[in-house]
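The structure file input28.cif is reproduced below (mmCIF, C-alpha atoms and all ligand atoms).
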```cif
data_model
loop_
_atom_site.label_atom_id
_atom_site.label_comp_id
_atom_site.auth_asym_id
_atom_site.auth_seq_id
_atom_site.Cartn_x
_atom_site.Cartn_y
_atom_site.Cartn_z
CA MET R 1 122.78 116.16 99.41
CA LYS R 2 119.87 116.06 101.85
CA ALA R 3 118.14 112.75 102.52
CA ILE R 4 115.81 111.25 105.10
CA VAL R 5 117.77 108.53 106.84
CA TYR R 6 116.88 105.93 109.47
CA LYS R 7 119.40 103.72 111.26
CA ASN R 8 117.01 101.84 113.54
CA TYR R 9 113.54 100.40 113.06
CA GLY R 10 110.79 102.16 114.96
CA SER R 11 108.14 104.87 115.11
CA PRO R 12 108.10 107.77 112.58
CA GLU R 13 110.59 109.71 114.78
CA VAL R 14 113.42 107.38 113.66
CA LEU R 15 113.35 109.26 110.34
CA HIS R 16 115.66 112.26 110.31
CA LEU R 17 117.07 114.73 107.80
CA ALA R 18 120.79 114.22 107.15
CA ASP R 19 123.56 115.25 104.76
CA VAL R 20 124.70 112.23 102.78
CA GLU R 21 127.01 111.76 99.81
CA LYS R 22 125.44 112.57 96.45
CA PRO R 23 125.45 109.37 94.33
CA LEU R 24 127.36 109.12 91.05
CA PRO R 25 125.72 107.29 88.13
CA ARG R 26 127.44 104.15 86.83
CA ASP R 27 127.76 103.65 83.05
CA ASN R 28 124.26 102.13 82.79
CA GLU R 29 122.61 104.52 85.29
CA VAL R 30 120.87 107.88 85.30
CA LEU R 31 121.15 110.45 88.10
CA ILE R 32 117.71 111.84 88.97
CA ARG R 33 117.06 115.09 90.85
CA VAL R 34 114.03 113.98 92.89
CA HIS R 35 111.26 116.59 93.03
CA ALA R 36 108.61 114.51 94.81
CA THR R 37 108.18 111.14 96.47
CA SER R 38 105.46 109.59 98.63
CA VAL R 39 104.67 107.72 101.82
CA ASN R 40 102.80 104.50 101.15
CA PHE R 41 102.11 101.19 102.86
CA GLY R 42 105.53 99.77 101.86
CA ASP R 43 107.50 102.64 103.43
CA SER R 44 105.53 102.52 106.63
CA MET R 45 105.95 98.73 106.93
CA ALA R 46 109.71 98.80 106.13
CA ARG R 47 110.36 101.61 108.67
CA ASN R 48 108.93 99.56 111.52
CA PHE R 49 109.62 96.04 110.29
CA LYS R 50 111.25 94.76 113.48
CA ALA R 51 107.92 95.23 115.29
CA ILE R 52 105.87 93.49 112.58
CA SER R 53 105.12 89.95 113.70
CA PRO R 54 104.34 87.16 111.18
CA ARG R 55 100.69 87.47 112.27
CA GLN R 56 100.61 91.24 111.56
CA PHE R 57 102.31 90.79 108.18
CA ASN R 58 99.67 90.53 105.44
CA MET R 59 101.43 87.61 103.75
CA PRO R 60 102.36 83.99 104.64
CA PHE R 61 105.13 83.27 107.18
CA LEU R 62 107.72 82.42 104.50
CA PHE R 63 107.19 85.82 102.83
CA TRP R 64 107.63 87.49 106.25
CA LEU R 65 110.91 85.59 106.78
CA MET R 66 112.20 86.54 103.33
CA ALA R 67 111.26 90.19 103.94
CA LYS R 68 112.94 90.08 107.38
CA ILE R 69 116.19 88.79 105.84
CA SER R 70 116.05 91.24 102.96
CA PHE R 71 115.18 94.35 105.09
CA GLY R 72 117.65 93.39 107.88
CA LEU R 73 117.01 91.40 111.05
CA ASN R 74 117.68 93.92 113.81
CA GLN R 75 118.68 97.00 111.87
CA PRO R 76 117.60 98.20 108.43
CA LYS R 77 120.03 97.33 105.63
CA ILE R 78 118.59 100.07 103.43
CA THR R 79 118.67 103.36 105.30
CA VAL R 80 116.82 105.61 102.83
CA LEU R 81 113.16 104.69 102.20
CA GLY R 82 110.86 105.89 99.39
CA ASN R 83 109.76 103.58 96.60
CA GLU R 84 108.17 105.96 94.08
CA PHE R 85 109.25 109.33 92.77
CA ALA R 86 109.15 111.97 90.03
CA GLY R 87 112.04 114.17 89.05
CA GLU R 88 114.44 115.34 86.37
CA ILE R 89 117.45 113.57 84.89
CA GLU R 90 120.53 115.54 85.88
CA ALA R 91 123.21 113.31 84.35
CA VAL R 92 123.50 110.01 82.47
CA GLY R 93 126.16 107.27 82.48
CA ASN R 94 128.32 106.60 79.39
CA ASN R 95 126.19 103.70 78.12
CA VAL R 96 122.73 105.21 78.67
CA ASN R 97 120.61 105.51 75.51
CA ARG R 98 117.00 105.75 76.70
CA PHE R 99 117.25 109.01 78.65
CA LYS R 100 119.07 112.33 78.42
CA GLN R 101 119.82 115.22 80.75
CA GLY R 102 116.67 117.32 81.38
CA ASP R 103 114.15 114.50 80.83
CA GLN R 104 111.27 114.66 83.31
CA VAL R 105 110.71 111.15 84.64
CA PHE R 106 108.71 109.14 87.17
CA GLY R 107 109.27 105.63 88.47
CA TYR R 108 109.24 102.91 91.08
CA THR R 109 112.24 101.54 92.99
CA GLY R 110 110.32 98.76 94.78
CA GLU R 111 112.09 97.16 97.73
CA LYS R 112 115.39 98.90 96.80
CA MET R 113 113.75 102.16 98.02
CA GLY R 114 116.02 105.28 98.07
CA ALA R 115 113.64 108.06 96.91
CA TYR R 116 113.62 110.06 100.20
CA ALA R 117 116.62 112.00 98.92
CA GLU R 118 117.46 114.92 96.68
CA TYR R 119 119.21 112.60 94.21
CA LEU R 120 118.72 108.99 93.17
CA CYS R 121 120.64 106.75 90.73
CA LEU R 122 118.75 104.09 88.79
CA PRO R 123 119.69 101.79 85.91
CA GLU R 124 118.19 103.09 82.67
CA ASN R 125 116.28 99.80 82.31
CA GLY R 126 114.74 100.19 85.79
CA VAL R 127 111.02 100.89 86.32
CA LEU R 128 111.47 104.41 84.94
CA ALA R 129 109.60 106.33 82.24
CA ILE R 130 109.10 109.85 80.93
CA LYS R 131 106.61 111.59 83.26
CA PRO R 132 103.03 111.95 81.93
CA SER R 133 102.92 115.41 80.33
CA ASN R 134 99.63 116.33 82.06
CA LEU R 135 100.82 115.72 85.65
CA THR R 136 102.89 117.83 88.02
CA TYR R 137 105.88 116.20 89.73
CA GLU R 138 103.79 115.82 92.91
CA GLU R 139 100.95 114.09 91.06
CA ALA R 140 103.32 111.86 89.06
CA ALA R 141 105.19 110.76 92.20
CA VAL R 142 102.11 109.15 93.78
CA VAL R 143 101.03 107.17 90.73
CA PRO R 144 103.50 104.27 90.24
CA TYR R 145 102.95 102.13 93.40
CA GLY R 146 99.13 102.09 93.33
CA ALA R 147 98.70 101.93 89.56
CA LEU R 148 101.41 99.28 88.98
CA MET R 149 99.95 97.06 91.72
CA ALA R 150 96.37 97.59 90.53
CA ILE R 151 97.13 96.85 86.86
CA SER R 152 99.35 93.82 87.56
CA LEU R 153 96.83 92.29 89.98
CA LEU R 154 93.71 93.05 87.89
CA ARG R 155 95.41 91.42 84.87
CA ARG R 156 95.17 88.13 86.78
CA ALA R 157 91.36 88.41 86.68
CA ASN R 158 91.09 89.24 82.95
CA ILE R 159 88.15 91.65 83.40
CA ARG R 160 85.73 91.86 80.45
CA PRO R 161 83.38 94.78 79.64
CA GLY R 162 80.07 94.61 81.49
CA GLN R 163 81.40 92.45 84.34
CA LYS R 164 80.53 93.39 87.90
CA VAL R 165 83.63 94.07 90.01
CA LEU R 166 83.72 94.81 93.74
CA ILE R 167 86.83 96.48 95.15
CA ASN R 168 87.26 96.15 98.91
CA GLY R 169 89.64 98.87 100.16
CA ALA R 170 88.69 101.18 97.26
CA SER R 171 89.84 104.42 98.92
CA GLY R 172 93.58 103.72 99.42
CA GLY R 173 96.61 103.93 97.12
CA ILE R 174 95.98 100.65 95.29
CA GLY R 175 92.18 100.81 95.56
CA SER R 176 91.82 104.30 94.07
CA ALA R 177 93.84 103.16 91.04
CA ALA R 178 91.99 99.81 90.83
CA VAL R 179 88.54 101.48 90.71
CA GLN R 180 89.64 103.70 87.82
CA ILE R 181 91.35 100.88 85.90
CA ALA R 182 88.45 98.41 86.32
CA ARG R 183 86.08 101.12 85.12
CA TYR R 184 88.37 101.83 82.13
CA LEU R 185 88.26 98.09 81.28
CA GLY R 186 84.48 98.40 81.04
CA ALA R 187 83.50 96.87 84.38
CA GLU R 188 80.61 98.07 86.51
CA VAL R 189 82.48 98.87 89.71
CA THR R 190 81.30 98.73 93.32
CA GLY R 191 83.73 100.27 95.81
CA VAL R 192 83.81 99.41 99.51
CA CYS R 193 85.11 102.10 101.88
CA SER R 194 84.27 103.95 105.09
CA THR R 195 81.72 106.81 105.39
CA SER R 196 84.15 109.71 104.94
CA LYS R 197 85.44 108.27 101.64
CA VAL R 198 82.10 107.49 99.91
CA GLU R 199 82.06 110.66 97.77
CA PHE R 200 85.73 110.19 96.89
CA VAL R 201 85.18 106.61 95.65
CA LYS R 202 82.15 107.77 93.61
CA SER R 203 84.35 110.45 92.04
CA LEU R 204 86.78 107.70 90.94
CA GLY R 205 84.01 106.21 88.78
CA ALA R 206 82.40 103.59 91.02
CA ALA R 207 78.77 103.00 90.01
CA GLU R 208 77.95 101.84 93.55
CA VAL R 209 79.67 102.50 96.86
CA ILE R 210 79.17 100.40 99.98
CA ASP R 211 80.05 101.94 103.33
CA TYR R 212 81.51 99.02 105.30
CA THR R 213 80.72 100.71 108.60
CA LYS R 214 76.99 100.48 107.75
CA GLU R 215 76.61 97.50 105.44
CA ASP R 216 78.21 94.08 104.94
CA PHE R 217 78.57 93.55 101.19
CA THR R 218 78.38 89.78 101.63
CA GLN R 219 74.84 90.10 102.99
CA ASN R 220 73.10 92.29 100.40
CA GLY R 221 72.26 89.56 97.86
CA GLU R 222 74.39 91.10 95.05
CA THR R 223 76.75 88.88 93.05
CA TYR R 224 80.01 89.86 91.35
CA ASP R 225 82.32 88.45 88.65
CA LEU R 226 85.29 89.66 90.68
CA ILE R 227 85.80 90.55 94.33
CA PHE R 228 89.21 92.25 94.62
CA ASP R 229 90.26 92.43 98.27
CA ILE R 230 93.24 94.73 98.70
CA LEU R 231 93.68 94.51 102.48
CA GLY R 232 92.77 90.81 102.76
CA ARG R 233 89.92 91.54 105.15
CA SER R 234 87.17 89.46 103.47
CA SER R 235 86.50 85.81 104.19
CA ILE R 236 86.38 83.28 101.35
CA SER R 237 83.47 81.37 102.87
CA ARG R 238 81.41 84.51 103.54
CA CYS R 239 82.06 85.88 100.02
CA LYS R 240 81.20 82.63 98.21
CA SER R 241 77.51 83.53 97.81
CA SER R 242 78.51 87.02 96.56
CA LEU R 243 80.42 85.53 93.61
CA LYS R 244 78.82 84.60 90.27
CA PRO R 245 79.22 80.92 89.24
CA ASN R 246 82.65 81.50 87.60
CA GLY R 247 83.56 84.44 89.81
CA ILE R 248 87.04 85.22 91.13
CA HIS R 249 88.04 86.23 94.66
CA LEU R 250 91.34 88.07 94.15
CA PHE R 251 93.59 88.86 97.13
CA ALA R 252 96.42 91.43 97.21
CA SER R 253 97.00 90.51 100.90
CA PHE R 254 96.74 86.86 101.86
CA LYS R 255 97.86 84.11 104.19
CA MET R 256 98.62 80.40 103.71
CA LYS R 257 94.90 79.61 104.01
CA GLN R 258 94.04 81.68 100.90
CA LEU R 259 97.05 80.22 99.03
CA LEU R 260 95.80 76.69 99.72
CA GLN R 261 92.31 77.72 98.56
CA MET R 262 93.89 79.06 95.38
CA LEU R 263 95.56 75.69 94.77
CA TRP R 264 92.34 73.84 95.54
CA THR R 265 90.07 76.01 93.33
CA SER R 266 92.59 75.99 90.44
CA ARG R 267 91.93 72.26 90.03
CA SER R 268 88.17 72.51 89.90
CA GLY R 269 85.70 74.43 87.70
CA GLY R 270 83.60 77.30 89.05
CA LYS R 271 84.57 79.95 91.57
CA LYS R 272 88.30 80.65 91.95
CA VAL R 273 90.57 82.16 94.57
CA ILE R 274 93.63 84.00 93.27
CA CYS R 275 96.42 85.39 95.47
CA ALA R 276 98.88 87.53 93.57
CA LEU R 277 101.90 89.78 93.92
CA GLY R 278 102.15 92.88 91.77
CA PRO R 279 105.73 93.33 90.62
CA GLY R 280 106.29 96.62 88.84
CA SER R 281 107.66 96.50 85.30
CA VAL R 282 108.69 99.27 82.95
CA GLU R 283 106.19 98.02 80.34
CA THR R 284 103.38 98.38 82.89
CA LEU R 285 104.65 101.85 83.86
CA TYR R 286 104.38 102.90 80.19
CA SER R 287 100.80 101.52 80.15
CA VAL R 288 100.08 103.68 83.22
CA LYS R 289 101.58 106.74 81.50
CA ALA R 290 99.40 106.15 78.41
CA LEU R 291 96.24 105.79 80.54
CA ILE R 292 97.03 109.02 82.40
CA GLU R 293 97.77 110.99 79.23
CA ALA R 294 94.51 109.68 77.71
CA GLY R 295 92.67 110.98 80.80
CA LYS R 296 91.57 107.48 81.84
CA ILE R 297 93.19 107.56 85.28
CA LYS R 298 94.05 110.44 87.59
CA ALA R 299 96.39 110.95 90.54
CA PHE R 300 94.70 111.73 93.87
CA ILE R 301 96.62 113.47 96.64
CA ASP R 302 95.20 113.40 100.15
CA LEU R 303 97.93 115.38 101.94
CA SER R 304 101.23 116.97 100.96
CA TYR R 305 104.28 117.44 103.24
CA PRO R 306 107.77 118.91 102.75
CA LEU R 307 110.69 116.46 103.12
CA GLU R 308 111.51 117.88 106.57
CA GLN R 309 108.06 116.82 107.87
CA ILE R 310 108.22 113.24 106.65
CA ALA R 311 107.78 111.83 110.19
CA GLU R 312 104.33 113.52 110.35
CA ALA R 313 103.47 112.02 106.96
CA HIS R 314 104.50 108.53 108.18
CA ALA R 315 102.42 108.93 111.34
CA TYR R 316 99.39 109.81 109.21
CA VAL R 317 99.87 106.92 106.75
CA GLU R 318 100.48 104.44 109.57
CA GLU R 319 96.94 105.09 110.83
CA GLY R 320 95.77 103.24 107.68
CA HIS R 321 92.94 105.61 106.71
CA LYS R 322 94.41 107.69 103.93
CA ARG R 323 92.31 108.85 101.00
CA GLY R 324 94.31 108.10 97.86
CA ASN R 325 97.94 109.14 98.36
CA VAL R 326 100.33 111.18 100.49
CA VAL R 327 103.02 113.14 98.64
CA ILE R 328 106.36 114.51 99.84
CA SER R 329 107.85 117.57 98.10
CA VAL R 330 111.63 117.37 97.90
CA GLY R 331 113.55 120.63 97.67
N1 LIG R 401 100.11 91.79 96.43
C1 LIG R 401 101.02 92.73 96.35
O1 LIG R 401 101.95 92.67 95.53
C2 LIG R 401 100.94 93.93 97.26
C3 LIG R 401 101.83 94.99 97.08
C4 LIG R 401 101.71 96.09 97.92
C5 LIG R 401 100.77 96.13 98.92
N2 LIG R 401 99.94 95.05 99.08
C6 LIG R 401 98.92 95.07 100.14
O2 LIG R 401 98.10 96.19 99.95
C7 LIG R 401 97.65 96.65 101.21
C8 LIG R 401 97.82 98.15 101.30
O3 LIG R 401 97.01 98.74 100.32
P1 LIG R 401 97.09 100.30 100.05
O4 LIG R 401 98.50 100.68 99.81
O5 LIG R 401 96.09 100.63 99.02
O6 LIG R 401 96.64 100.86 101.49
P2 LIG R 401 96.34 102.36 101.94
O7 LIG R 401 96.70 103.32 100.86
O8 LIG R 401 96.89 102.51 103.28
O9 LIG R 401 94.74 102.39 102.03
C9 LIG R 401 93.97 101.60 102.81
C10 LIG R 401 92.53 102.10 102.59
O10 LIG R 401 91.63 101.07 102.99
C11 LIG R 401 90.59 101.64 103.79
N3 LIG R 401 90.13 100.60 104.74
C12 LIG R 401 90.59 100.35 105.99
N4 LIG R 401 89.93 99.29 106.51
C13 LIG R 401 89.06 98.88 105.57
C14 LIG R 401 88.09 97.82 105.51
N5 LIG R 401 87.90 97.00 106.54
N6 LIG R 401 87.38 97.66 104.39
C15 LIG R 401 87.55 98.48 103.33
N7 LIG R 401 88.44 99.52 103.32
C16 LIG R 401 89.19 99.70 104.43
C17 LIG R 401 91.21 102.86 104.44
O11 LIG R 401 90.28 103.89 104.69
P3 LIG R 401 89.23 103.79 105.95
O12 LIG R 401 90.00 103.28 107.11
O13 LIG R 401 88.71 105.18 106.13
O14 LIG R 401 88.18 102.85 105.51
C18 LIG R 401 92.20 103.35 103.39
O15 LIG R 401 91.65 104.32 102.52
C19 LIG R 401 98.44 95.92 102.29
O16 LIG R 401 97.59 95.00 102.95
C20 LIG R 401 99.54 95.23 101.51
O17 LIG R 401 99.88 93.98 102.08
C21 LIG R 401 100.00 93.97 98.28
#
```
Represent the structure of the file as structure tokens.
Ligand SMILES: NC(=O)c1ccc[n+]([C@@H]2O[C@H](COP(=O)([O-])OP(=O)(O)OC[C@H]3O[C@@H](n4cnc5c(N)ncnc54)[C@H](OP(=O)(O)O)[C@@H]3O)[C@@H](O)[C@H]2O)c1
Amino acid sequence: MKAIVYKNYGSPEVLHLADVEKPLPRDNEVLIRVHATSVNFGDSMARNFKAISPRQFNMPFLFWLMAKISFGLNQPKITVLGNEFAGEIEAVGNNVNRFKQGDQVFGYTGEKMGAYAEYLCLPENGVLAIKPSNLTYEEAAVVPYGALMAISLLRRANIRPGQKVLINGASGGIGSAAVQIARYLGAEVTGVCSTSKVEFVKSLGAAEVIDYTKEDFTQNGETYDLIFDILGRSSISRCKSSLKPNGIHLFASFKMKQLLQMLWTSRSGGKKVICALGPGSVETLYSVKALIEAGKIKAFIDLSYPLEQIAEAHAYVEEGHKRGNVVISVG
């Protein structure tokens, strides 16, 4: 089968099309014919991990070290990237009960990656679900990463209807899902993004949009129940006066300093700092599917590339300015 392989860390050009052995499903696995996958922050980071210093990594040093060991110190241990996908089940192992041949599915492989290929084997109890009936394969492939992260992280803030929520980094993969989910939960959402993405973030359902190139949201006198910072660019001290008395400053990207603030604020009343990881689970993926089928959240594709042009897609994503998601059509 065809797959995009990389043997060395580096720039997008390390990715190349190769013929590799088609995988065979074990007894508890399904074999998926991948129709579409994506390029997101995780793929771009993993491809070039050798060059990512602890300072550049958006997490504390210990997390960087663990990632370094798990990805491979000098050479990547996993040679096929791609952490989200949509496709069709081609075969099932002897003990598989949840899926059958012909099922249209979507899912998330997380740090195990492997979706930049024509075929992928996954355990039936992996983060895998029947594809939302109202999405194409391309649309379904770009949903899991952003929506799973957004739902898992927003759960930590327990949003209630009528609350004011600010999402910093509202135009990316996680942010575009977070705006829609916070709005669905009944929040009044303010999105923060750059000029070219203002209309996009409004279209996601944000009541207000702040263009960070023109205005500093910490200086406009508004207060929020939740400030959700996806890229970890906001400062706790500067945001303090933008939080309501029991407000939460939630970080998807954080360093030791924010972790210590989380510990400190957890022991006192009032404003809280929360740093959280968003592990994907199959239960959350089914919640995502239900929200999509109910028309509550949509998939947004910025650009689409064929598998052969994946290096171009990586170069674009690496710039860090994408609008929603970048999809890769496979086959
Ligand atoms: N906690 C977890 O479990 C977890 C899991 C995965 C990822 N993450 C974190 O999530 C981040 C990646 O998020 P993503 O996948 O959504 O990124 P993405 O899809 O690459 O999007 C980033 C978006 O942010 C915008 N942006 C850039 N600078 C900004 C600024 N200063 N203020 C507001 N918006 C800005 C960009 O557009 P413009 O440049 O045009 O503004 C772009 O639309 C990483 O920092 C990663 O560490 C955390």
Separation of CA of Phe41 in chain R from CA of Glu215 in chain R, in Å and rounded to one decimal: 25.9 Å
Could you list, as an NGL selection string, every residue within 10 Å of Tyr184 in chain R, counting only C-alpha atoms and ignoring same-chain residues fewer than 5 positions away? :R and (161 or 178-179 or 205 or 291 or 296-297)
Compile a residue-level contact table for chain R against ligand LIG 401 (chain R) at a cut-off of 9 Å, reporting for every qualifying residue the shortest atom pair and its distance in Å to one decimal, with all atoms listed in the file counted, rows ordered by chain and ascending number, as JSON lines.
```
{"residue": "R:Asn40", "atom": "CA", "partner": "R:LIG401", "partner_atom": "O4", "distance": 5.9}
{"residue": "R:Phe41", "atom": "CA", "partner": "R:LIG401", "partner_atom": "O4", "distance": 4.8}
{"residue": "R:Gly42", "atom": "CA", "partner": "R:LIG401", "partner_atom": "C4", "distance": 6.6}
{"residue": "R:Phe57", "atom": "CA", "partner": "R:LIG401", "partner_atom": "O17", "distance": 7.3}
{"residue": "R:Asn58", "atom": "CA", "partner": "R:LIG401", "partner_atom": "O17", "distance": 4.8}
{"residue": "R:Met59", "atom": "CA", "partner": "R:LIG401", "partner_atom": "O17", "distance": 6.8}
{"residue": "R:Tyr145", "atom": "CA", "partner": "R:LIG401", "partner_atom": "C4", "distance": 7.6}
{"residue": "R:Gly146", "atom": "CA", "partner": "R:LIG401", "partner_atom": "O5", "distance": 6.6}
{"residue": "R:Met149", "atom": "CA", "partner": "R:LIG401", "partner_atom": "C3", "distance": 6.0}
{"residue": "R:Ala150", "atom": "CA", "partner": "R:LIG401", "partner_atom": "C1", "distance": 8.9}
{"residue": "R:Ser152", "atom": "CA", "partner": "R:LIG401", "partner_atom": "O1", "distance": 8.5}
{"residue": "R:Leu153", "atom": "CA", "partner": "R:LIG401", "partner_atom": "N1", "distance": 7.3}
{"residue": "R:Ile167", "atom": "CA", "partner": "R:LIG401", "partner_atom": "C15", "distance": 8.5}
{"residue": "R:Asn168", "atom": "CA", "partner": "R:LIG401", "partner_atom": "C15", "distance": 5.0}
{"residue": "R:Gly169", "atom": "CA", "partner": "R:LIG401", "partner_atom": "N7", "distance": 3.4}
{"residue": "R:Ala170", "atom": "CA", "partner": "R:LIG401", "partner_atom": "N7", "distance": 6.3}
{"residue": "R:Ser171", "atom": "CA", "partner": "R:LIG401", "partner_atom": "O15", "distance": 4.0}
{"residue": "R:Gly172", "atom": "CA", "partner": "R:LIG401", "partner_atom": "O9", "distance": 3.2}
{"residue": "R:Gly173", "atom": "CA", "partner": "R:LIG401", "partner_atom": "O7", "distance": 3.8}
{"residue": "R:Ile174", "atom": "CA", "partner": "R:LIG401", "partner_atom": "O5", "distance": 3.7}
{"residue": "R:Gly175", "atom": "CA", "partner": "R:LIG401", "partner_atom": "O5", "distance": 5.2}
{"residue": "R:Ser176", "atom": "CA", "partner": "R:LIG401", "partner_atom": "O5", "distance": 7.5}
{"residue": "R:Ala177", "atom": "CA", "partner": "R:LIG401", "partner_atom": "O5", "distance": 8.7}
{"residue": "R:Gly191", "atom": "CA", "partner": "R:LIG401", "partner_atom": "C15", "distance": 8.6}
{"residue": "R:Val192", "atom": "CA", "partner": "R:LIG401", "partner_atom": "C15", "distance": 5.4}
{"residue": "R:Cys193", "atom": "CA", "partner": "R:LIG401", "partner_atom": "N7", "distance": 4.5}
{"residue": "R:Ser194", "atom": "CA", "partner": "R:LIG401", "partner_atom": "O14", "distance": 4.1}
{"residue": "R:Thr195", "atom": "CA", "partner": "R:LIG401", "partner_atom": "O13", "distance": 7.2}
{"residue": "R:Ser196", "atom": "CA", "partner": "R:LIG401", "partner_atom": "O13", "distance": 6.5}
{"residue": "R:Lys197", "atom": "CA", "partner": "R:LIG401", "partner_atom": "O13", "distance": 6.4}
{"residue": "R:Asp211", "atom": "CA", "partner": "R:LIG401", "partner_atom": "C15", "distance": 8.3}
{"residue": "R:Tyr212", "atom": "CA", "partner": "R:LIG401", "partner_atom": "N6", "distance": 6.1}
{"residue": "R:Thr213", "atom": "CA", "partner": "R:LIG401", "partner_atom": "N5", "distance": 8.3}
{"residue": "R:Asp229", "atom": "CA", "partner": "R:LIG401", "partner_atom": "C15", "distance": 8.3}
{"residue": "R:Ile230", "atom": "CA", "partner": "R:LIG401", "partner_atom": "O2", "distance": 5.2}
{"residue": "R:Leu231", "atom": "CA", "partner": "R:LIG401", "partner_atom": "O16", "distance": 4.0}
{"residue": "R:Gly232", "atom": "CA", "partner": "R:LIG401", "partner_atom": "O16", "distance": 6.4}
{"residue": "R:Arg233", "atom": "CA", "partner": "R:LIG401", "partner_atom": "N5", "distance": 6.0}
{"residue": "R:Ser234", "atom": "CA", "partner": "R:LIG401", "partner_atom": "N5", "distance": 8.2}
{"residue": "R:Phe251", "atom": "CA", "partner": "R:LIG401", "partner_atom": "N1", "distance": 7.2}
{"residue": "R:Ala252", "atom": "CA", "partner": "R:LIG401", "partner_atom": "N1", "distance": 3.8}
{"residue": "R:Ser253", "atom": "CA", "partner": "R:LIG401", "partner_atom": "O17", "distance": 4.7}
{"residue": "R:Phe254", "atom": "CA", "partner": "R:LIG401", "partner_atom": "O17", "distance": 7.8}
{"residue": "R:Cys275", "atom": "CA", "partner": "R:LIG401", "partner_atom": "N1", "distance": 7.4}
{"residue": "R:Ala276", "atom": "CA", "partner": "R:LIG401", "partner_atom": "N1", "distance": 5.3}
{"residue": "R:Leu277", "atom": "CA", "partner": "R:LIG401", "partner_atom": "O1", "distance": 3.3}
{"residue": "R:Gly278", "atom": "CA", "partner": "R:LIG401", "partner_atom": "O1", "distance": 3.8}
{"residue": "R:Pro279", "atom": "CA", "partner": "R:LIG401", "partner_atom": "O1", "distance": 6.2}
{"residue": "R:Gly280", "atom": "CA", "partner": "R:LIG401", "partner_atom": "O1", "distance": 8.9}
{"residue": "R:Val317", "atom": "CA", "partner": "R:LIG401", "partner_atom": "O8", "distance": 6.4}
{"residue": "R:Glu318", "atom": "CA", "partner": "R:LIG401", "partner_atom": "O8", "distance": 7.5}
{"residue": "R:Glu319", "atom": "CA", "partner": "R:LIG401", "partner_atom": "O8", "distance": 8.0}
{"residue": "R:Gly320", "atom": "CA", "partner": "R:LIG401", "partner_atom": "O8", "distance": 4.6}
{"residue": "R:His321", "atom": "CA", "partner": "R:LIG401", "partner_atom": "O11", "distance": 3.8}
{"residue": "R:Lys322", "atom": "CA", "partner": "R:LIG401", "partner_atom": "O15", "distance": 4.6}
{"residue": "R:Arg323", "atom": "CA", "partner": "R:LIG401", "partner_atom": "O15", "distance": 4.8}
{"residue": "R:Gly324", "atom": "CA", "partner": "R:LIG401", "partner_atom": "O7", "distance": 6.1}
{"residue": "R:Asn325", "atom": "CA", "partner": "R:LIG401", "partner_atom": "O7", "distance": 6.5}
{"residue": "R:Val326", "atom": "CA", "partner": "R:LIG401", "partner_atom": "O7", "distance": 8.7}
```
Residues within 9 Å of Val39 in chain R, only C-alpha atoms, excluding chain neighbours under 3 positions, as a PyMOL selection string: chain R and resi 42-44+82-84+142+310+313-314+317+325-328
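In terms of minimum interatomic distance to Gln180 in chain R, R:Gly295 ranks closest within R:Pro54, R:Gly295, R:Pro23, R:Gly110, counting only C-alpha atoms.
Distance-wise, CA of Gln309 in chain R and CA of Phe85 in chain R end up 16.9 Å apart.
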Please enclose the listed atoms of range 250-254 of chain R in an axis-aligned box, pad each side by 4 Å, and write out the centre and the three edge lengths in Å, rounded to one decimal, as JSON.
```
{"center_x": 94.2, "center_y": 89.1, "center_z": 98.0, "size_x": 13.7, "size_y": 12.6, "size_z": 15.7}
```
Near-range 24-32 of chain R list (12 Å; all atoms listed in the file; drop same-chain fewer than 6 positions) as a ChimeraX atom specification: /R:1,85-107,114-115,117-126,128-130
Extract, using only C-alpha atoms, all DNA, RNA and protein residues at most 10 Å from Leu185 in chain R, discarding same-chain residues fewer than 2 positions from it, and format them as a count of residues only. 14
What's the separation between CA of Lys22 in chain R and CA of Thr37 in chain R, in Å to one decimal place? 17.3 Å
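Across R:Leu17, R:Val143, R:Met256, R:Leu285, the tightest approach to Trp64 in chain R is made by R:Met256 when counting all atoms listed in the file.
Ranking R:Gly186, R:Arg267, R:Ala315, R:Thr136 by their shortest atom-to-atom distance to Arg47 in chain R, with only C-alpha atoms included, puts R:Ala315 first.
Look at Phe49 in chain R: the protein and nucleic acid residues within 8 Å of it, using all atoms listed in the file and passing over chain neighbours fewer than 2 places away, are Tyr9, Gly10, Met45, Ala46, Arg47, Ala51, Ile52, Lys68 and Phe71 of chain R.
Counting all atoms listed in the file, the residue from R:Asp302, R:Glu199, R:Asp216, R:Asp225 that sits nearest to Ala157 in chain R is R:Asp225.
Comparing the minimum interatomic distances between Ala299 in chain R and each of R:Ile248, R:Ala3, R:Lys271, R:Leu204, counting only C-alpha atoms, we find that R:Leu204 sits nearest.
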Test item: which residues lie within 12 Å of (81.2, 86.1, 97.0) counting only C-alpha atoms, as an MDAnalysis selection string: chainID R and resid 164:168 216:229 234:250 271:273
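Closest to Leu148 in chain R among R:Val282, R:Ile69, R:Val5, R:Val330 is R:Val282, based on all atoms listed in the file.
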Within 6 Å of file point (79.0, 99.9, 90.0), counting all atoms listed in the file, expressed as a list in words: Glu188, Val189, Thr190, Ala206, Ala207 and Glu208 of chain R
